[in-house]
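S.K.: The structure follows.
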Amino acid sequence: MKICPNCSSQNQIKSGVIKGRQRYKCKDCNYNFTVEKMGKKIDDYYVNKALQLYLEGLTYREIERILGISHVSVMNWVKKYKIKRPYNNKYHPTYKILNHTELANYFSNINELKGAGVVVTELGDKFMLIKWERFRD
Ligand SMILES: [Zn+2]
């Protein structure tokens, strides 16, 4: 089974031979790659992060913007791991990227936390704060 190094899809077709190596074309993102490049896989860390953000209600495009991972990859992972999230159009989470000091300041203000759900996840050398304001119309 071949895995697309660009989006981790397993859907590809043979696309000629280059310098003695079989070349493949990914059917999901049209990325061309040879078998030698297969080892290059997106770190599992980002797979977990992406799925976490997806479950928190962020869109594929938002996840792409935040993590710098193609939305096609995220869609494939959601499919691959059969992630389902409950349908909800009443709220949408907002998010901020903060460093440690900013995060500490944020939590020192009780008004930021009242009536809201907050999730903090590490993101590189910073922290991402996802806030749900749940009980608003
Ligand atoms: Zn691909």
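Labels used: A, B, ... for chains in the order of the structure tokens, numbers from 1 for residues in each chain, and numbers from 1 for ligands as shown.
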How close does each residue of chain A get to ligand 1, giving the shortest atom pair and distance in Å to one decimal for every residue with an atom at most 7 Å away, counting only C-alpha atoms and all ligand atoms, sorted by chain and residue number, as a Markdown table?

M.R.:
| residue | atom | partner | partner_atom_place_in_ligand_line | distance |
| --- | --- | --- | --- | --- |
| A:Cys4 | CA | ligand 1 | 1 (Zn) | 4.7 |
| A:Pro5 | CA | ligand 1 | 1 (Zn) | 6.7 |
| A:Asn6 | CA | ligand 1 | 1 (Zn) | 5.0 |
| A:Cys7 | CA | ligand 1 | 1 (Zn) | 4.2 |
| A:Ser8 | CA | ligand 1 | 1 (Zn) | 6.0 |
| A:Ser9 | CA | ligand 1 | 1 (Zn) | 5.2 |
| A:Cys26 | CA | ligand 1 | 1 (Zn) | 4.6 |
| A:Lys27 | CA | ligand 1 | 1 (Zn) | 6.6 |
| A:Asp28 | CA | ligand 1 | 1 (Zn) | 5.1 |
| A:Cys29 | CA | ligand 1 | 1 (Zn) | 4.2 |
| A:Asn30 | CA | ligand 1 | 1 (Zn) | 6.0 |
| A:Tyr31 | CA | ligand 1 | 1 (Zn) | 5.4 |

S.K.: Go through stretch 64-95 of chain A and flag each residue having an atom no more than 10 Å from stretch 113-127 of chain A; for those, report the closest pair of atoms plus their distance in Å to one decimal, using only C-alpha atoms, ordered by chain and rising number, as a tab-separated table.

M.R.:
residue	atom	partner	partner_atom	distance
A:Ile66	CA	A:Leu123	CA	9.1
A:Leu67	CA	A:Leu123	CA	8.3
A:Pro93	CA	A:Gly117	CA	9.2
A:Thr94	CA	A:Val118	CA	9.7
A:Tyr95	CA	A:Val118	CA	9.3

S.K.: Can you pull out every residue from stretch 25-137 of chain A that DSSP, working from the backbone, puts in alpha helix (DSSP H), and format the result as JSON, numbers by chain?

M.R.: {"A": [44, 45, 46, 47, 48, 49, 50, 51, 52, 53, 54, 55, 60, 61, 62, 63, 64, 65, 66, 67, 71, 72, 73, 74, 75, 76, 77, 78, 79, 80, 100, 101, 102, 103, 104, 105, 106, 107, 108]}

S.K.: Could you dump the residues just selected with N, CA and C atoms as an mmCIF file, in the first residue's frame?

M.R.:
data_model
loop_
_atom_site.group_PDB
_atom_site.id
_atom_site.type_symbol
_atom_site.label_atom_id
_atom_site.label_comp_id
_atom_site.auth_asym_id
_atom_site.auth_seq_id
_atom_site.Cartn_x
_atom_site.Cartn_y
_atom_site.Cartn_z
ATOM 1 N N ASP A 44 2.823 12.004 13.207
ATOM 2 C CA ASP A 44 1.574 11.616 13.870
ATOM 3 C C ASP A 44 1.061 12.702 14.818
ATOM 4 N N TYR A 45 2.002 13.475 15.336
ATOM 5 C CA TYR A 45 1.646 14.579 16.219
ATOM 6 C C TYR A 45 0.632 15.503 15.559
ATOM 7 N N TYR A 46 0.876 15.800 14.279
ATOM 8 C CA TYR A 46 -0.025 16.702 13.569
ATOM 9 C C TYR A 46 -1.337 16.038 13.183
ATOM 10 N N VAL A 47 -1.277 14.725 13.016
ATOM 11 C CA VAL A 47 -2.521 14.013 12.742
ATOM 12 C C VAL A 47 -3.445 14.161 13.951
ATOM 13 N N ASN A 48 -2.881 13.930 15.136
ATOM 14 C CA ASN A 48 -3.667 14.068 16.368
ATOM 15 C C ASN A 48 -4.197 15.484 16.544
ATOM 16 N N LYS A 49 -3.315 16.476 16.334
ATOM 17 C CA LYS A 49 -3.727 17.876 16.488
ATOM 18 C C LYS A 49 -4.862 18.211 15.531
ATOM 19 N N ALA A 50 -4.689 17.814 14.295
ATOM 20 C CA ALA A 50 -5.681 18.152 13.274
ATOM 21 C C ALA A 50 -7.040 17.557 13.626
ATOM 22 N N LEU A 51 -7.024 16.298 14.071
ATOM 23 C CA LEU A 51 -8.296 15.640 14.399
ATOM 24 C C LEU A 51 -8.912 16.247 15.657
ATOM 25 N N GLN A 52 -8.056 16.653 16.559
ATOM 26 C CA GLN A 52 -8.519 17.319 17.779
ATOM 27 C C GLN A 52 -9.255 18.620 17.417
ATOM 28 N N LEU A 53 -8.634 19.404 16.547
ATOM 29 C CA LEU A 53 -9.243 20.668 16.144
ATOM 30 C C LEU A 53 -10.537 20.430 15.370
ATOM 31 N N TYR A 54 -10.523 19.384 14.576
ATOM 32 C CA TYR A 54 -11.724 19.032 13.826
ATOM 33 C C TYR A 54 -12.873 18.727 14.784
ATOM 34 N N LEU A 55 -12.570 17.944 15.808
ATOM 35 C CA LEU A 55 -13.596 17.598 16.802
ATOM 36 C C LEU A 55 -14.080 18.826 17.565
ATOM 37 N N TYR A 60 -12.114 22.582 7.927
ATOM 38 C CA TYR A 60 -10.889 22.092 7.287
ATOM 39 C C TYR A 60 -9.960 23.244 6.915
ATOM 40 N N ARG A 61 -10.532 24.326 6.411
ATOM 41 C CA ARG A 61 -9.723 25.475 5.994
ATOM 42 C C ARG A 61 -9.045 26.149 7.179
ATOM 43 N N GLU A 62 -9.753 26.206 8.291
ATOM 44 C CA GLU A 62 -9.153 26.798 9.493
ATOM 45 C C GLU A 62 -7.989 25.940 9.983
ATOM 46 N N ILE A 63 -8.189 24.630 9.963
ATOM 47 C CA ILE A 63 -7.125 23.722 10.394
ATOM 48 C C ILE A 63 -5.915 23.867 9.472
ATOM 49 N N GLU A 64 -6.185 23.996 8.192
ATOM 50 C CA GLU A 64 -5.104 24.188 7.226
ATOM 51 C C GLU A 64 -4.312 25.451 7.559
ATOM 52 N N ARG A 65 -5.030 26.520 7.881
ATOM 53 C CA ARG A 65 -4.393 27.800 8.181
ATOM 54 C C ARG A 65 -3.570 27.723 9.469
ATOM 55 N N ILE A 66 -4.107 27.046 10.470
ATOM 56 C CA ILE A 66 -3.437 26.993 11.765
ATOM 57 C C ILE A 66 -2.229 26.057 11.749
ATOM 58 N N LEU A 67 -2.407 24.876 11.223
ATOM 59 C CA LEU A 67 -1.337 23.881 11.293
ATOM 60 C C LEU A 67 -0.455 23.844 10.050
ATOM 61 N N HIS A 71 -5.808 20.928 3.675
ATOM 62 C CA HIS A 71 -7.134 20.498 4.116
ATOM 63 C C HIS A 71 -7.492 19.129 3.536
ATOM 64 N N VAL A 72 -6.859 18.790 2.411
ATOM 65 C CA VAL A 72 -7.088 17.467 1.808
ATOM 66 C C VAL A 72 -6.553 16.376 2.745
ATOM 67 N N SER A 73 -5.379 16.622 3.345
ATOM 68 C CA SER A 73 -4.824 15.671 4.302
ATOM 69 C C SER A 73 -5.776 15.475 5.476
ATOM 70 N N VAL A 74 -6.269 16.592 5.987
ATOM 71 C CA VAL A 74 -7.156 16.514 7.147
ATOM 72 C C VAL A 74 -8.420 15.731 6.793
ATOM 73 N N MET A 75 -8.975 16.021 5.611
ATOM 74 C CA MET A 75 -10.176 15.289 5.180
ATOM 75 C C MET A 75 -9.896 13.795 5.086
ATOM 76 N N ASN A 76 -8.706 13.459 4.588
ATOM 77 C CA ASN A 76 -8.357 12.040 4.478
ATOM 78 C C ASN A 76 -8.230 11.373 5.837
ATOM 79 N N TRP A 77 -7.672 12.089 6.788
ATOM 80 C CA TRP A 77 -7.520 11.520 8.132
ATOM 81 C C TRP A 77 -8.885 11.332 8.780
ATOM 82 N N VAL A 78 -9.748 12.297 8.588
ATOM 83 C CA VAL A 78 -11.093 12.191 9.161
ATOM 84 C C VAL A 78 -11.781 10.938 8.605
ATOM 85 N N LYS A 79 -11.589 10.718 7.311
ATOM 86 C CA LYS A 79 -12.157 9.529 6.670
ATOM 87 C C LYS A 79 -11.490 8.264 7.195
ATOM 88 N N LYS A 80 -10.159 8.304 7.211
ATOM 89 C CA LYS A 80 -9.375 7.130 7.588
ATOM 90 C C LYS A 80 -9.708 6.677 9.014
ATOM 91 N N HIS A 100 3.215 31.813 26.493
ATOM 92 C CA HIS A 100 2.911 31.418 27.864
ATOM 93 C C HIS A 100 2.453 32.600 28.721
ATOM 94 N N THR A 101 3.113 33.745 28.568
ATOM 95 C CA THR A 101 2.747 34.928 29.353
ATOM 96 C C THR A 101 1.326 35.387 29.016
ATOM 97 N N GLU A 102 1.030 35.416 27.730
ATOM 98 C CA GLU A 102 -0.305 35.832 27.300
ATOM 99 C C GLU A 102 -1.375 34.863 27.818
ATOM 100 N N LEU A 103 -0.997 33.597 27.812
ATOM 101 C CA LEU A 103 -1.914 32.575 28.302
ATOM 102 C C LEU A 103 -2.190 32.779 29.801
ATOM 103 N N ALA A 104 -1.125 33.065 30.546
ATOM 104 C CA ALA A 104 -1.260 33.295 31.991
ATOM 105 C C ALA A 104 -2.144 34.518 32.242
ATOM 106 N N ASN A 105 -1.956 35.565 31.464
ATOM 107 C CA ASN A 105 -2.788 36.761 31.600
ATOM 108 C C ASN A 105 -4.249 36.456 31.290
ATOM 109 N N TYR A 106 -4.430 35.672 30.264
ATOM 110 C CA TYR A 106 -5.779 35.321 29.849
ATOM 111 C C TYR A 106 -6.524 34.618 30.989
ATOM 112 N N PHE A 107 -5.859 33.659 31.592
ATOM 113 C CA PHE A 107 -6.516 32.885 32.649
ATOM 114 C C PHE A 107 -6.683 33.669 33.950
ATOM 115 N N SER A 108 -5.928 34.744 34.087
ATOM 116 C CA SER A 108 -6.062 35.542 35.303
ATOM 117 C C SER A 108 -7.344 36.384 35.276
#

S.K.: Can you list every residue in chain A that DSSP puts in strand (DSSP E or B), as a ChimeraX atom specification?

M.R.: /A:12-18,21-26,32-34,94-98,116-123,126-133

S.K.: With a distance cut-off of 10 Å and only C-alpha atoms, select the neighbouring residues of A:Ile18, excluding the residue or stretch itself and same-chain residues fewer than 4 positions from it, and output the selection as an MDAnalysis selection string.

M.R.: chainID A and resid 22:23 33:34

S.K.: Those same residues - C-alpha atoms - I'd like them written as a short mmCIF file (atom, residue, chain, number, x, y, z; two decimals), in the first residue's frame.

M.R.:
data_model
loop_
_atom_site.label_atom_id
_atom_site.label_comp_id
_atom_site.auth_asym_id
_atom_site.auth_seq_id
_atom_site.Cartn_x
_atom_site.Cartn_y
_atom_site.Cartn_z
CA GLN A 22 7.93 4.02 -10.49
CA ARG A 23 6.11 7.31 -10.32
CA PHE A 33 5.78 11.10 -6.16
CA THR A 34 8.09 8.14 -6.55
#

S.K.: I'd like to know which of A:Glu56, A:Asn99, A:Met128, A:Asp43 is closest to A:Tyr87, using only C-alpha atoms.

M.R.: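 When distances to A:Tyr87 are compared using only C-alpha atoms, the smallest one comes from A:Glu56.
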
S.K.: Have a look at atom CA of A:Lys25 and atom CA of A:Asn11 and let me know their distance in Å, one decimal.

M.R.: 8.6 Å
